[in-house]
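Note: the block below is work19.txt and it holds compact mmCIF, N, CA and C atoms.
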# COMPACT_ATOMS: atom_id res chain seq x y z
N MET P 1 42.40 -119.48 -11.24
CA MET P 1 43.25 -118.71 -10.39
C MET P 1 42.41 -117.93 -9.34
N ILE P 2 41.29 -117.38 -9.79
CA ILE P 2 40.45 -116.62 -8.85
C ILE P 2 39.87 -117.55 -7.79
N ALA P 3 39.50 -118.77 -8.19
CA ALA P 3 38.95 -119.72 -7.22
C ALA P 3 39.96 -120.01 -6.11
N ASP P 4 41.21 -120.19 -6.48
CA ASP P 4 42.24 -120.44 -5.47
C ASP P 4 42.39 -119.26 -4.52
N LEU P 5 42.36 -118.05 -5.06
CA LEU P 5 42.48 -116.86 -4.22
C LEU P 5 41.30 -116.71 -3.27
N VAL P 6 40.09 -117.00 -3.76
CA VAL P 6 38.91 -116.90 -2.91
C VAL P 6 38.97 -117.96 -1.82
N HIS P 7 39.40 -119.18 -2.16
CA HIS P 7 39.51 -120.24 -1.14
C HIS P 7 40.52 -119.87 -0.07
N GLN P 8 41.58 -119.17 -0.45
CA GLN P 8 42.59 -118.77 0.53
C GLN P 8 42.08 -117.62 1.40
N ALA P 9 41.43 -116.65 0.79
CA ALA P 9 41.03 -115.44 1.51
C ALA P 9 39.80 -115.65 2.38
N ALA P 10 38.76 -116.29 1.85
CA ALA P 10 37.50 -116.41 2.60
C ALA P 10 36.70 -117.61 2.11
N PRO P 11 37.08 -118.82 2.49
CA PRO P 11 36.33 -119.99 2.03
C PRO P 11 34.90 -120.03 2.56
N GLN P 12 34.62 -119.32 3.66
CA GLN P 12 33.27 -119.32 4.23
C GLN P 12 32.26 -118.65 3.30
N LEU P 13 32.73 -117.80 2.39
CA LEU P 13 31.81 -117.13 1.45
C LEU P 13 31.23 -118.08 0.41
N LEU P 14 31.88 -119.22 0.22
CA LEU P 14 31.41 -120.17 -0.79
C LEU P 14 30.41 -121.17 -0.23
N GLU P 15 30.17 -121.14 1.09
CA GLU P 15 29.27 -122.11 1.71
C GLU P 15 27.79 -121.87 1.43
N PRO P 16 27.28 -120.63 1.48
CA PRO P 16 25.84 -120.43 1.26
C PRO P 16 25.41 -120.81 -0.15
N PHE P 17 24.16 -121.24 -0.26
CA PHE P 17 23.61 -121.65 -1.54
C PHE P 17 23.57 -120.47 -2.50
N GLY P 18 24.03 -120.68 -3.71
CA GLY P 18 23.93 -119.68 -4.77
C GLY P 18 25.10 -118.71 -4.87
N ILE P 19 26.01 -118.74 -3.91
CA ILE P 19 27.17 -117.85 -3.98
C ILE P 19 28.33 -118.64 -4.56
N GLY P 20 28.71 -118.26 -5.76
CA GLY P 20 29.80 -118.93 -6.44
C GLY P 20 31.10 -118.17 -6.28
N VAL P 21 32.10 -118.63 -6.99
CA VAL P 21 33.42 -118.03 -6.91
C VAL P 21 33.40 -116.59 -7.40
N ASP P 22 32.68 -116.32 -8.49
CA ASP P 22 32.65 -114.96 -9.02
C ASP P 22 31.98 -113.98 -8.07
N THR P 23 30.89 -114.41 -7.43
CA THR P 23 30.21 -113.56 -6.46
C THR P 23 31.07 -113.34 -5.24
N ALA P 24 31.69 -114.40 -4.73
CA ALA P 24 32.57 -114.27 -3.57
C ALA P 24 33.75 -113.36 -3.88
N ALA P 25 34.29 -113.46 -5.08
CA ALA P 25 35.40 -112.59 -5.48
C ALA P 25 34.96 -111.13 -5.50
N GLU P 26 33.78 -110.87 -6.01
CA GLU P 26 33.27 -109.49 -6.06
C GLU P 26 33.05 -108.95 -4.65
N ILE P 27 32.56 -109.79 -3.76
CA ILE P 27 32.37 -109.37 -2.37
C ILE P 27 33.71 -109.02 -1.74
N LEU P 28 34.71 -109.84 -1.99
CA LEU P 28 36.03 -109.58 -1.43
C LEU P 28 36.66 -108.32 -2.00
N VAL P 29 36.41 -108.04 -3.27
CA VAL P 29 36.93 -106.82 -3.88
C VAL P 29 36.33 -105.60 -3.19
N VAL P 30 35.03 -105.64 -2.93
CA VAL P 30 34.37 -104.50 -2.29
C VAL P 30 34.82 -104.37 -0.83
N ALA P 31 34.91 -105.49 -0.13
CA ALA P 31 35.32 -105.44 1.29
C ALA P 31 36.76 -104.98 1.42
N GLY P 32 37.60 -105.34 0.47
CA GLY P 32 39.00 -104.92 0.50
C GLY P 32 39.79 -105.62 1.58
N ASP P 33 40.93 -105.06 1.89
CA ASP P 33 41.80 -105.65 2.91
C ASP P 33 41.33 -105.35 4.32
N ASN P 34 40.34 -104.49 4.45
CA ASN P 34 39.91 -104.04 5.75
C ASN P 34 38.39 -104.18 5.91
N PRO P 35 37.89 -105.40 6.09
CA PRO P 35 36.43 -105.56 6.24
C PRO P 35 35.89 -104.95 7.53
N GLU P 36 36.78 -104.59 8.48
CA GLU P 36 36.33 -103.98 9.73
C GLU P 36 35.73 -102.59 9.49
N ARG P 37 36.06 -101.97 8.35
CA ARG P 37 35.54 -100.63 8.07
C ARG P 37 34.04 -100.66 7.78
N ILE P 38 33.51 -101.81 7.43
CA ILE P 38 32.07 -101.95 7.20
C ILE P 38 31.46 -102.27 8.56
N LYS P 39 30.86 -101.26 9.16
CA LYS P 39 30.44 -101.33 10.57
C LYS P 39 29.13 -102.07 10.80
N SER P 40 28.27 -102.16 9.78
CA SER P 40 26.96 -102.78 10.02
C SER P 40 26.42 -103.38 8.72
N GLU P 41 25.34 -104.15 8.87
CA GLU P 41 24.66 -104.71 7.71
C GLU P 41 24.15 -103.60 6.81
N ALA P 42 23.64 -102.54 7.43
CA ALA P 42 23.10 -101.42 6.66
C ALA P 42 24.19 -100.73 5.85
N ALA P 43 25.39 -100.63 6.43
CA ALA P 43 26.50 -99.99 5.72
C ALA P 43 26.90 -100.81 4.50
N LEU P 44 26.93 -102.13 4.64
CA LEU P 44 27.26 -102.98 3.50
C LEU P 44 26.16 -102.92 2.45
N ALA P 45 24.91 -102.88 2.90
CA ALA P 45 23.79 -102.77 1.96
C ALA P 45 23.86 -101.46 1.18
N LYS P 46 24.20 -100.39 1.85
CA LYS P 46 24.32 -99.10 1.17
C LYS P 46 25.50 -99.11 0.20
N LEU P 47 26.60 -99.72 0.62
CA LEU P 47 27.78 -99.83 -0.24
C LEU P 47 27.47 -100.63 -1.50
N ALA P 48 26.60 -101.63 -1.36
CA ALA P 48 26.23 -102.48 -2.50
C ALA P 48 25.07 -101.90 -3.31
N GLY P 49 24.47 -100.84 -2.84
CA GLY P 49 23.33 -100.26 -3.55
C GLY P 49 22.06 -101.08 -3.32
N ILE P 50 21.94 -101.71 -2.16
CA ILE P 50 20.79 -102.56 -1.85
C ILE P 50 19.97 -101.99 -0.70
N ALA P 51 20.37 -100.87 -0.16
CA ALA P 51 19.65 -100.27 0.97
C ALA P 51 18.29 -99.77 0.50
N PRO P 52 17.24 -100.00 1.28
CA PRO P 52 15.91 -99.54 0.89
C PRO P 52 15.77 -98.03 1.06
N VAL P 53 15.05 -97.43 0.14
CA VAL P 53 14.76 -96.01 0.16
C VAL P 53 13.25 -95.87 -0.01
N PRO P 54 12.60 -95.03 0.81
CA PRO P 54 11.15 -94.86 0.63
C PRO P 54 10.83 -94.31 -0.76
N THR P 55 9.77 -94.82 -1.35
CA THR P 55 9.36 -94.34 -2.67
C THR P 55 8.51 -93.09 -2.51
N GLY P 56 8.41 -92.35 -3.58
CA GLY P 56 7.56 -91.17 -3.58
C GLY P 56 8.23 -89.98 -2.93
N SER P 57 7.65 -88.83 -3.13
CA SER P 57 8.23 -87.62 -2.58
C SER P 57 7.44 -87.08 -1.40
N GLY P 58 6.28 -87.58 -1.22
CA GLY P 58 5.45 -87.07 -0.12
C GLY P 58 4.91 -88.19 0.71
N MET P 59 3.65 -88.37 0.64
CA MET P 59 2.99 -89.42 1.41
C MET P 59 3.29 -90.78 0.79
N THR P 60 4.01 -91.60 1.52
CA THR P 60 4.30 -92.95 1.03
C THR P 60 3.42 -93.93 1.76
N SER P 61 3.14 -95.00 1.11
CA SER P 61 2.30 -96.01 1.71
C SER P 61 3.14 -97.16 2.25
N GLY P 62 4.32 -96.85 2.76
CA GLY P 62 5.18 -97.88 3.32
C GLY P 62 5.96 -98.65 2.27
N ARG P 63 5.97 -98.18 1.03
CA ARG P 63 6.67 -98.88 -0.04
C ARG P 63 8.10 -98.36 -0.14
N HIS P 64 8.97 -99.23 -0.57
CA HIS P 64 10.38 -98.89 -0.71
C HIS P 64 10.88 -99.31 -2.08
N ARG P 65 11.99 -98.72 -2.46
CA ARG P 65 12.72 -99.15 -3.65
C ARG P 65 14.16 -99.30 -3.23
N ILE P 66 14.98 -99.84 -4.12
CA ILE P 66 16.39 -100.03 -3.82
C ILE P 66 17.14 -98.77 -4.21
N ASN P 67 18.09 -98.38 -3.38
CA ASN P 67 18.94 -97.23 -3.66
C ASN P 67 19.75 -97.52 -4.92
N HIS P 68 19.77 -96.59 -5.86
CA HIS P 68 20.45 -96.83 -7.13
C HIS P 68 21.92 -96.45 -7.09
N GLY P 69 22.42 -96.04 -5.93
CA GLY P 69 23.84 -95.76 -5.79
C GLY P 69 24.57 -97.04 -5.42
N GLY P 70 25.83 -96.94 -5.14
CA GLY P 70 26.58 -98.09 -4.66
C GLY P 70 27.36 -98.80 -5.74
N HIS P 71 27.95 -99.88 -5.36
CA HIS P 71 28.83 -100.67 -6.22
C HIS P 71 27.98 -101.56 -7.13
N ARG P 72 27.90 -101.22 -8.40
CA ARG P 72 26.98 -101.90 -9.31
C ARG P 72 27.36 -103.36 -9.56
N GLN P 73 28.65 -103.66 -9.60
CA GLN P 73 29.05 -105.05 -9.84
C GLN P 73 28.68 -105.95 -8.66
N LEU P 74 28.83 -105.42 -7.44
CA LEU P 74 28.41 -106.20 -6.28
C LEU P 74 26.90 -106.38 -6.28
N ASN P 75 26.17 -105.34 -6.63
CA ASN P 75 24.72 -105.42 -6.71
C ASN P 75 24.31 -106.49 -7.71
N ALA P 76 24.98 -106.53 -8.86
CA ALA P 76 24.67 -107.53 -9.88
C ALA P 76 25.00 -108.93 -9.39
N ALA P 77 26.08 -109.07 -8.64
CA ALA P 77 26.47 -110.39 -8.11
C ALA P 77 25.43 -110.89 -7.11
N ILE P 78 24.95 -110.00 -6.25
CA ILE P 78 23.92 -110.38 -5.28
C ILE P 78 22.62 -110.71 -6.01
N TYR P 79 22.31 -109.96 -7.06
CA TYR P 79 21.12 -110.24 -7.87
C TYR P 79 21.20 -111.65 -8.47
N ARG P 80 22.36 -112.02 -9.00
CA ARG P 80 22.53 -113.36 -9.57
C ARG P 80 22.31 -114.43 -8.50
N THR P 81 22.80 -114.18 -7.30
CA THR P 81 22.60 -115.13 -6.21
C THR P 81 21.11 -115.28 -5.90
N VAL P 82 20.39 -114.16 -5.88
CA VAL P 82 18.95 -114.21 -5.59
C VAL P 82 18.21 -114.99 -6.67
N ILE P 83 18.55 -114.75 -7.93
CA ILE P 83 17.88 -115.44 -9.03
C ILE P 83 18.14 -116.95 -8.96
N VAL P 84 19.37 -117.34 -8.65
CA VAL P 84 19.69 -118.77 -8.51
C VAL P 84 18.87 -119.37 -7.37
N ARG P 85 18.79 -118.66 -6.26
CA ARG P 85 18.01 -119.17 -5.13
C ARG P 85 16.52 -119.25 -5.46
N MET P 86 16.01 -118.27 -6.18
CA MET P 86 14.59 -118.30 -6.55
C MET P 86 14.27 -119.48 -7.46
N ARG P 87 15.25 -119.94 -8.17
CA ARG P 87 15.03 -121.03 -9.12
C ARG P 87 15.28 -122.41 -8.52
N PHE P 88 16.29 -122.54 -7.65
CA PHE P 88 16.72 -123.87 -7.22
C PHE P 88 16.72 -124.12 -5.71
N HIS P 89 16.53 -123.13 -4.87
CA HIS P 89 16.62 -123.27 -3.42
C HIS P 89 15.21 -123.34 -2.84
N GLN P 90 14.83 -124.50 -2.33
CA GLN P 90 13.44 -124.72 -1.92
C GLN P 90 12.94 -123.73 -0.87
N PRO P 91 13.71 -123.41 0.18
CA PRO P 91 13.20 -122.41 1.13
C PRO P 91 12.92 -121.06 0.47
N THR P 92 13.74 -120.67 -0.48
CA THR P 92 13.51 -119.40 -1.19
C THR P 92 12.29 -119.50 -2.09
N ILE P 93 12.11 -120.64 -2.73
CA ILE P 93 10.94 -120.85 -3.59
C ILE P 93 9.67 -120.73 -2.74
N ASP P 94 9.69 -121.32 -1.55
CA ASP P 94 8.54 -121.24 -0.64
C ASP P 94 8.30 -119.79 -0.20
N TYR P 95 9.39 -119.06 0.09
CA TYR P 95 9.28 -117.66 0.49
C TYR P 95 8.64 -116.83 -0.62
N VAL P 96 9.08 -117.05 -1.86
CA VAL P 96 8.53 -116.31 -3.00
C VAL P 96 7.04 -116.61 -3.15
N ALA P 97 6.65 -117.86 -3.00
CA ALA P 97 5.23 -118.22 -3.11
C ALA P 97 4.40 -117.55 -2.02
N ARG P 98 4.94 -117.53 -0.80
CA ARG P 98 4.23 -116.90 0.31
C ARG P 98 4.08 -115.40 0.11
N ARG P 99 5.16 -114.73 -0.31
CA ARG P 99 5.11 -113.29 -0.51
C ARG P 99 4.24 -112.91 -1.71
N THR P 100 4.22 -113.76 -2.73
CA THR P 100 3.35 -113.52 -3.88
C THR P 100 1.89 -113.61 -3.45
N ALA P 101 1.59 -114.58 -2.59
CA ALA P 101 0.23 -114.72 -2.08
C ALA P 101 -0.18 -113.52 -1.23
N GLU P 102 0.80 -112.86 -0.60
CA GLU P 102 0.53 -111.66 0.19
C GLU P 102 0.31 -110.43 -0.69
N GLY P 103 0.57 -110.57 -1.98
CA GLY P 103 0.34 -109.45 -2.90
C GLY P 103 1.58 -108.68 -3.29
N LYS P 104 2.76 -109.17 -2.93
CA LYS P 104 4.01 -108.50 -3.30
C LYS P 104 4.33 -108.77 -4.76
N THR P 105 4.96 -107.80 -5.40
CA THR P 105 5.38 -107.99 -6.79
C THR P 105 6.73 -108.70 -6.80
N LYS P 106 7.10 -109.22 -7.97
CA LYS P 106 8.37 -109.91 -8.10
C LYS P 106 9.53 -108.97 -7.78
N ARG P 107 9.41 -107.73 -8.19
CA ARG P 107 10.45 -106.73 -7.94
C ARG P 107 10.63 -106.50 -6.43
N GLU P 108 9.51 -106.41 -5.70
CA GLU P 108 9.58 -106.22 -4.25
C GLU P 108 10.17 -107.44 -3.55
N ILE P 109 9.83 -108.62 -4.04
CA ILE P 109 10.36 -109.86 -3.46
C ILE P 109 11.87 -109.93 -3.69
N ILE P 110 12.32 -109.58 -4.87
CA ILE P 110 13.76 -109.59 -5.16
C ILE P 110 14.47 -108.59 -4.27
N ARG P 111 13.87 -107.42 -4.04
CA ARG P 111 14.48 -106.42 -3.15
C ARG P 111 14.66 -106.99 -1.74
N CYS P 112 13.64 -107.67 -1.23
CA CYS P 112 13.72 -108.27 0.10
C CYS P 112 14.78 -109.37 0.15
N LEU P 113 14.83 -110.19 -0.89
CA LEU P 113 15.81 -111.28 -0.93
C LEU P 113 17.24 -110.75 -1.04
N LYS P 114 17.43 -109.67 -1.80
CA LYS P 114 18.76 -109.08 -1.90
C LYS P 114 19.22 -108.58 -0.54
N ARG P 115 18.30 -107.99 0.20
CA ARG P 115 18.67 -107.51 1.55
C ARG P 115 19.00 -108.68 2.46
N TYR P 116 18.27 -109.79 2.32
CA TYR P 116 18.55 -110.98 3.12
C TYR P 116 19.94 -111.54 2.79
N VAL P 117 20.26 -111.61 1.50
CA VAL P 117 21.56 -112.15 1.08
C VAL P 117 22.69 -111.26 1.56
N ILE P 118 22.54 -109.94 1.45
CA ILE P 118 23.61 -109.05 1.88
C ILE P 118 23.80 -109.13 3.39
N ARG P 119 22.72 -109.37 4.13
CA ARG P 119 22.81 -109.57 5.58
C ARG P 119 23.61 -110.83 5.89
N GLU P 120 23.34 -111.88 5.15
CA GLU P 120 24.06 -113.14 5.32
C GLU P 120 25.54 -112.96 4.99
N VAL P 121 25.83 -112.24 3.92
CA VAL P 121 27.21 -111.99 3.51
C VAL P 121 27.94 -111.17 4.57
N TYR P 122 27.28 -110.18 5.13
CA TYR P 122 27.91 -109.35 6.16
C TYR P 122 28.40 -110.21 7.32
N HIS P 123 27.58 -111.14 7.76
CA HIS P 123 27.98 -111.98 8.89
C HIS P 123 29.11 -112.93 8.51
N LEU P 124 29.24 -113.27 7.25
CA LEU P 124 30.35 -114.11 6.81
C LEU P 124 31.64 -113.31 6.68
N LEU P 125 31.52 -112.02 6.40
CA LEU P 125 32.70 -111.16 6.25
C LEU P 125 33.29 -110.72 7.57
N ARG P 126 32.44 -110.61 8.59
CA ARG P 126 32.93 -110.10 9.87
C ARG P 126 34.06 -110.95 10.39
N PRO P 127 35.15 -110.32 10.78
CA PRO P 127 36.26 -111.11 11.33
C PRO P 127 35.89 -111.71 12.68
N ALA P 128 36.44 -112.87 12.95
CA ALA P 128 36.17 -113.53 14.22
C ALA P 128 36.74 -112.67 15.35
N PRO P 129 36.02 -112.55 16.46
CA PRO P 129 36.55 -111.75 17.57
C PRO P 129 37.84 -112.35 18.09
N ARG P 130 38.77 -111.49 18.33
CA ARG P 130 40.06 -111.97 18.83
C ARG P 130 39.98 -112.13 20.34
N THR P 131 40.50 -113.22 20.81
CA THR P 131 40.50 -113.45 22.24
C THR P 131 41.82 -112.95 22.81
N ALA P 132 41.74 -112.41 23.99
CA ALA P 132 42.94 -111.91 24.64
C ALA P 132 43.80 -113.09 25.07
N PRO P 133 45.11 -112.97 24.95
CA PRO P 133 45.98 -114.07 25.38
C PRO P 133 45.83 -114.30 26.88
N ALA P 134 45.84 -115.55 27.26
CA ALA P 134 45.68 -115.90 28.68
C ALA P 134 46.92 -115.50 29.45
N LYS P 135 46.68 -114.86 30.61
CA LYS P 135 47.81 -114.45 31.47
C LYS P 135 48.06 -115.56 32.47
N SER P 136 49.33 -115.87 32.64
CA SER P 136 49.64 -116.92 33.60
C SER P 136 50.29 -116.39 34.83

Could you render the structure as structure tokens?
Amino acid sequence: MIADLVHQAAPQLLEPFGIGVDTAAEILVVAGDNPERIKSEAALAKLAGIAPVPTGSGMTSGRHRINHGGHRQLNAAIYRTVIVRMRFHQPTIDYVARRTAEGKTKREIIRCLKRYVIREVYHLLRPAPRTAPAKS
């Protein structure tokens, strides 16, 4: 039943690799009936608890952590998408290998990938611009 509802509401959410019906449903629950209220990628990331926050209380060395606020179920759904991509999606596997070679930890790589996925989701949620009716 949920699959049918997701296909009716937003079939474009099921196109990216690793986003299944359950993840798409969670995204739709968070977006609600009014996805226009989410004004930017950063706003959706903050709503999902994926927005980066500088670590430490004083001098930081450019390191970040994920904000622990936000919608935990959406955060978990995005995490599942990242894990699936890290395991089965070749471009993501290559990205993880490259970032590991740069010295990033697995936790930092997952944080970056979660932000990438939420950015992708934001662009899928945005309503298509309405065109003005042609005047004759």

As JSON: centre and edge lengths in Å, one decimal, of the axis-aligned box holding range 33-39 of chain P with 3 Å per side:
{"center_x": 35.5, "center_y": -103.1, "center_z": 6.3, "size_x": 18.7, "size_y": 11.0, "size_z": 14.9}

Point to revise | Those in range 3-48 of chain P with alpha helix (DSSP H) from DSSP, as a PyMOL selection string | key: chain P and resi 3-9+21-31+41-48

Find the residues of range 20-43 of chain P that sit at most 8 Å from range 75-99 of chain P; for each, write down the nearest two atoms and how far apart they are in Å, to one decimal. Count all atoms listed in the file. Sort by chain, then by number going up, and give it as a Markdown table.
| residue | atom | partner | partner_atom | distance |
| --- | --- | --- | --- | --- |
| P:Gly20 | N | P:Thr81 | CA | 6.9 |
| P:Asp22 | C | P:Ala77 | CA | 6.6 |
| P:Thr23 | CA | P:Ala77 | CA | 5.2 |
| P:Ala24 | N | P:Ala77 | CA | 7.4 |
| P:Glu26 | CA | P:Ala77 | CA | 7.2 |
| P:Ile27 | N | P:Ala77 | CA | 7.5 |

**Study point:** Between CA of Leu74 in chain P and atom C of Ala31 in chain P, distance in Å (one decimal)
**Key:**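 Value for the CA of Leu74 in chain P-atom C of Ala31 in chain P distance: 11.4 Å.
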
Review point. Can you list every residue in chain P that DSSP puts in strand (DSSP E), as an MDAnalysis selection string?
Key: chainID P and resid 52:54 64:66

Check your understanding: Please, what distance in Å, to one decimal, runs between CA of Tyr116 in chain P and CA of Asp4 in chain P?
Key ->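 According to the coordinates, CA of Tyr116 in chain P and CA of Asp4 in chain P are separated by 26.9 Å.
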
Exercise for review: Tell me which protein, DNA and RNA residues are within 12 Å of Arg115 in chain P, counting only C-alpha atoms, leaving out same-chain ones fewer than 3 positions away, and put them as a PyMOL selection string.
Suggested key: chain P and resi 41-46+48-52+65-67+75+78-79+81-82+108-112+118-122

Check your understanding: Any idea what the distance is between atom C of Lys39 in chain P and atom N of Val53 in chain P?
Key ->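 Computing the Euclidean distance for atom C of Lys39 in chain P and atom N of Val53 in chain P yields 18.3 Å.
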
Exercise for review: Can you pull out every residue within 10 Å of Ala10 in chain P, counting only C-alpha atoms, but drop anything in the same chain fewer than 2 positions away, and send it as a PyMOL selection string?
Suggested key: chain P and resi 5-8+12-14+24-25+28+124-125

Show me that you can extract range 6-25 of chain P, keeping N, CA, C and O atoms, and write it as a PDB file, in the first residue's frame.
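Final file, part_33.pdb:
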ATOM      1  N   VAL P   6       3.540   6.102  -2.644  1.00  0.00           N
ATOM      2  CA  VAL P   6       4.778   6.779  -3.029  1.00  0.00           C
ATOM      3  C   VAL P   6       4.826   6.957  -4.537  1.00  0.00           C
ATOM      4  O   VAL P   6       5.208   8.028  -5.028  1.00  0.00           O
ATOM      5  N   HIS P   7       4.414   5.940  -5.294  1.00  0.00           N
ATOM      6  CA  HIS P   7       4.410   6.050  -6.763  1.00  0.00           C
ATOM      7  C   HIS P   7       3.465   7.143  -7.224  1.00  0.00           C
ATOM      8  O   HIS P   7       3.742   7.835  -8.211  1.00  0.00           O
ATOM      9  N   GLN P   8       2.352   7.331  -6.520  1.00  0.00           N
ATOM     10  CA  GLN P   8       1.407   8.379  -6.895  1.00  0.00           C
ATOM     11  C   GLN P   8       1.931   9.763  -6.522  1.00  0.00           C
ATOM     12  O   GLN P   8       1.801  10.708  -7.289  1.00  0.00           O
ATOM     13  N   ALA P   9       2.514   9.877  -5.341  1.00  0.00           N
ATOM     14  CA  ALA P   9       2.922  11.188  -4.833  1.00  0.00           C
ATOM     15  C   ALA P   9       4.212  11.691  -5.463  1.00  0.00           C
ATOM     16  O   ALA P   9       4.313  12.865  -5.835  1.00  0.00           O
ATOM     17  N   ALA P  10       5.231  10.849  -5.548  1.00  0.00           N
ATOM     18  CA  ALA P  10       6.542  11.305  -6.032  1.00  0.00           C
ATOM     19  C   ALA P  10       7.346  10.143  -6.589  1.00  0.00           C
ATOM     20  O   ALA P  10       8.285   9.658  -5.955  1.00  0.00           O
ATOM     21  N   PRO P  11       7.031   9.685  -7.794  1.00  0.00           N
ATOM     22  CA  PRO P  11       7.784   8.558  -8.360  1.00  0.00           C
ATOM     23  C   PRO P  11       9.252   8.893  -8.619  1.00  0.00           C
ATOM     24  O   PRO P  11      10.095   8.001  -8.655  1.00  0.00           O
ATOM     25  N   GLN P  12       9.586  10.185  -8.752  1.00  0.00           N
ATOM     26  CA  GLN P  12      10.967  10.584  -9.013  1.00  0.00           C
ATOM     27  C   GLN P  12      11.890  10.262  -7.840  1.00  0.00           C
ATOM     28  O   GLN P  12      13.090  10.124  -8.016  1.00  0.00           O
ATOM     29  N   LEU P  13      11.333  10.107  -6.639  1.00  0.00           N
ATOM     30  CA  LEU P  13      12.163   9.780  -5.470  1.00  0.00           C
ATOM     31  C   LEU P  13      12.697   8.352  -5.513  1.00  0.00           C
ATOM     32  O   LEU P  13      13.653   8.032  -4.826  1.00  0.00           O
ATOM     33  N   LEU P  14      12.080   7.502  -6.311  1.00  0.00           N
ATOM     34  CA  LEU P  14      12.504   6.111  -6.378  1.00  0.00           C
ATOM     35  C   LEU P  14      13.575   5.877  -7.437  1.00  0.00           C
ATOM     36  O   LEU P  14      14.118   4.776  -7.531  1.00  0.00           O
ATOM     37  N   GLU P  15      13.905   6.903  -8.231  1.00  0.00           N
ATOM     38  CA  GLU P  15      14.875   6.741  -9.310  1.00  0.00           C
ATOM     39  C   GLU P  15      16.328   6.626  -8.843  1.00  0.00           C
ATOM     40  O   GLU P  15      17.066   5.804  -9.358  1.00  0.00           O
ATOM     41  N   PRO P  16      16.797   7.439  -7.882  1.00  0.00           N
ATOM     42  CA  PRO P  16      18.210   7.345  -7.494  1.00  0.00           C
ATOM     43  C   PRO P  16      18.558   5.998  -6.868  1.00  0.00           C
ATOM     44  O   PRO P  16      17.720   5.357  -6.226  1.00  0.00           O
ATOM     45  N   PHE P  17      19.805   5.601  -7.044  1.00  0.00           N
ATOM     46  CA  PHE P  17      20.282   4.332  -6.515  1.00  0.00           C
ATOM     47  C   PHE P  17      20.218   4.337  -4.992  1.00  0.00           C
ATOM     48  O   PHE P  17      20.637   5.285  -4.346  1.00  0.00           O
ATOM     49  N   GLY P  18      19.679   3.284  -4.420  1.00  0.00           N
ATOM     50  CA  GLY P  18      19.674   3.101  -2.973  1.00  0.00           C
ATOM     51  C   GLY P  18      18.475   3.672  -2.247  1.00  0.00           C
ATOM     52  O   GLY P  18      18.328   3.462  -1.053  1.00  0.00           O
ATOM     53  N   ILE P  19      17.632   4.432  -2.933  1.00  0.00           N
ATOM     54  CA  ILE P  19      16.437   4.978  -2.285  1.00  0.00           C
ATOM     55  C   ILE P  19      15.270   4.063  -2.612  1.00  0.00           C
ATOM     56  O   ILE P  19      14.840   3.975  -3.755  1.00  0.00           O
ATOM     57  N   GLY P  20      14.797   3.389  -1.582  1.00  0.00           N
ATOM     58  CA  GLY P  20      13.684   2.473  -1.746  1.00  0.00           C
ATOM     59  C   GLY P  20      12.375   3.119  -1.343  1.00  0.00           C
ATOM     60  O   GLY P  20      12.306   4.305  -1.026  1.00  0.00           O
ATOM     61  N   VAL P  21      11.347   2.311  -1.323  1.00  0.00           N
ATOM     62  CA  VAL P  21      10.012   2.799  -1.003  1.00  0.00           C
ATOM     63  C   VAL P  21       9.954   3.335   0.423  1.00  0.00           C
ATOM     64  O   VAL P  21       9.367   4.393   0.678  1.00  0.00           O
ATOM     65  N   ASP P  22      10.589   2.636   1.366  1.00  0.00           N
ATOM     66  CA  ASP P  22      10.536   3.085   2.760  1.00  0.00           C
ATOM     67  C   ASP P  22      11.243   4.421   2.956  1.00  0.00           C
ATOM     68  O   ASP P  22      10.752   5.305   3.663  1.00  0.00           O
ATOM     69  N   THR P  23      12.383   4.607   2.298  1.00  0.00           N
ATOM     70  CA  THR P  23      13.101   5.873   2.394  1.00  0.00           C
ATOM     71  C   THR P  23      12.317   6.991   1.731  1.00  0.00           C
ATOM     72  O   THR P  23      12.194   8.092   2.286  1.00  0.00           O
ATOM     73  N   ALA P  24      11.769   6.724   0.551  1.00  0.00           N
ATOM     74  CA  ALA P  24      10.971   7.734  -0.147  1.00  0.00           C
ATOM     75  C   ALA P  24       9.745   8.112   0.679  1.00  0.00           C
ATOM     76  O   ALA P  24       9.374   9.291   0.748  1.00  0.00           O
ATOM     77  N   ALA P  25       9.121   7.137   1.323  1.00  0.00           N
ATOM     78  CA  ALA P  25       7.959   7.422   2.167  1.00  0.00           C
ATOM     79  C   ALA P  25       8.355   8.312   3.342  1.00  0.00           C
ATOM     80  O   ALA P  25       7.634   9.256   3.685  1.00  0.00           O
TER      81      ALA P  25
END
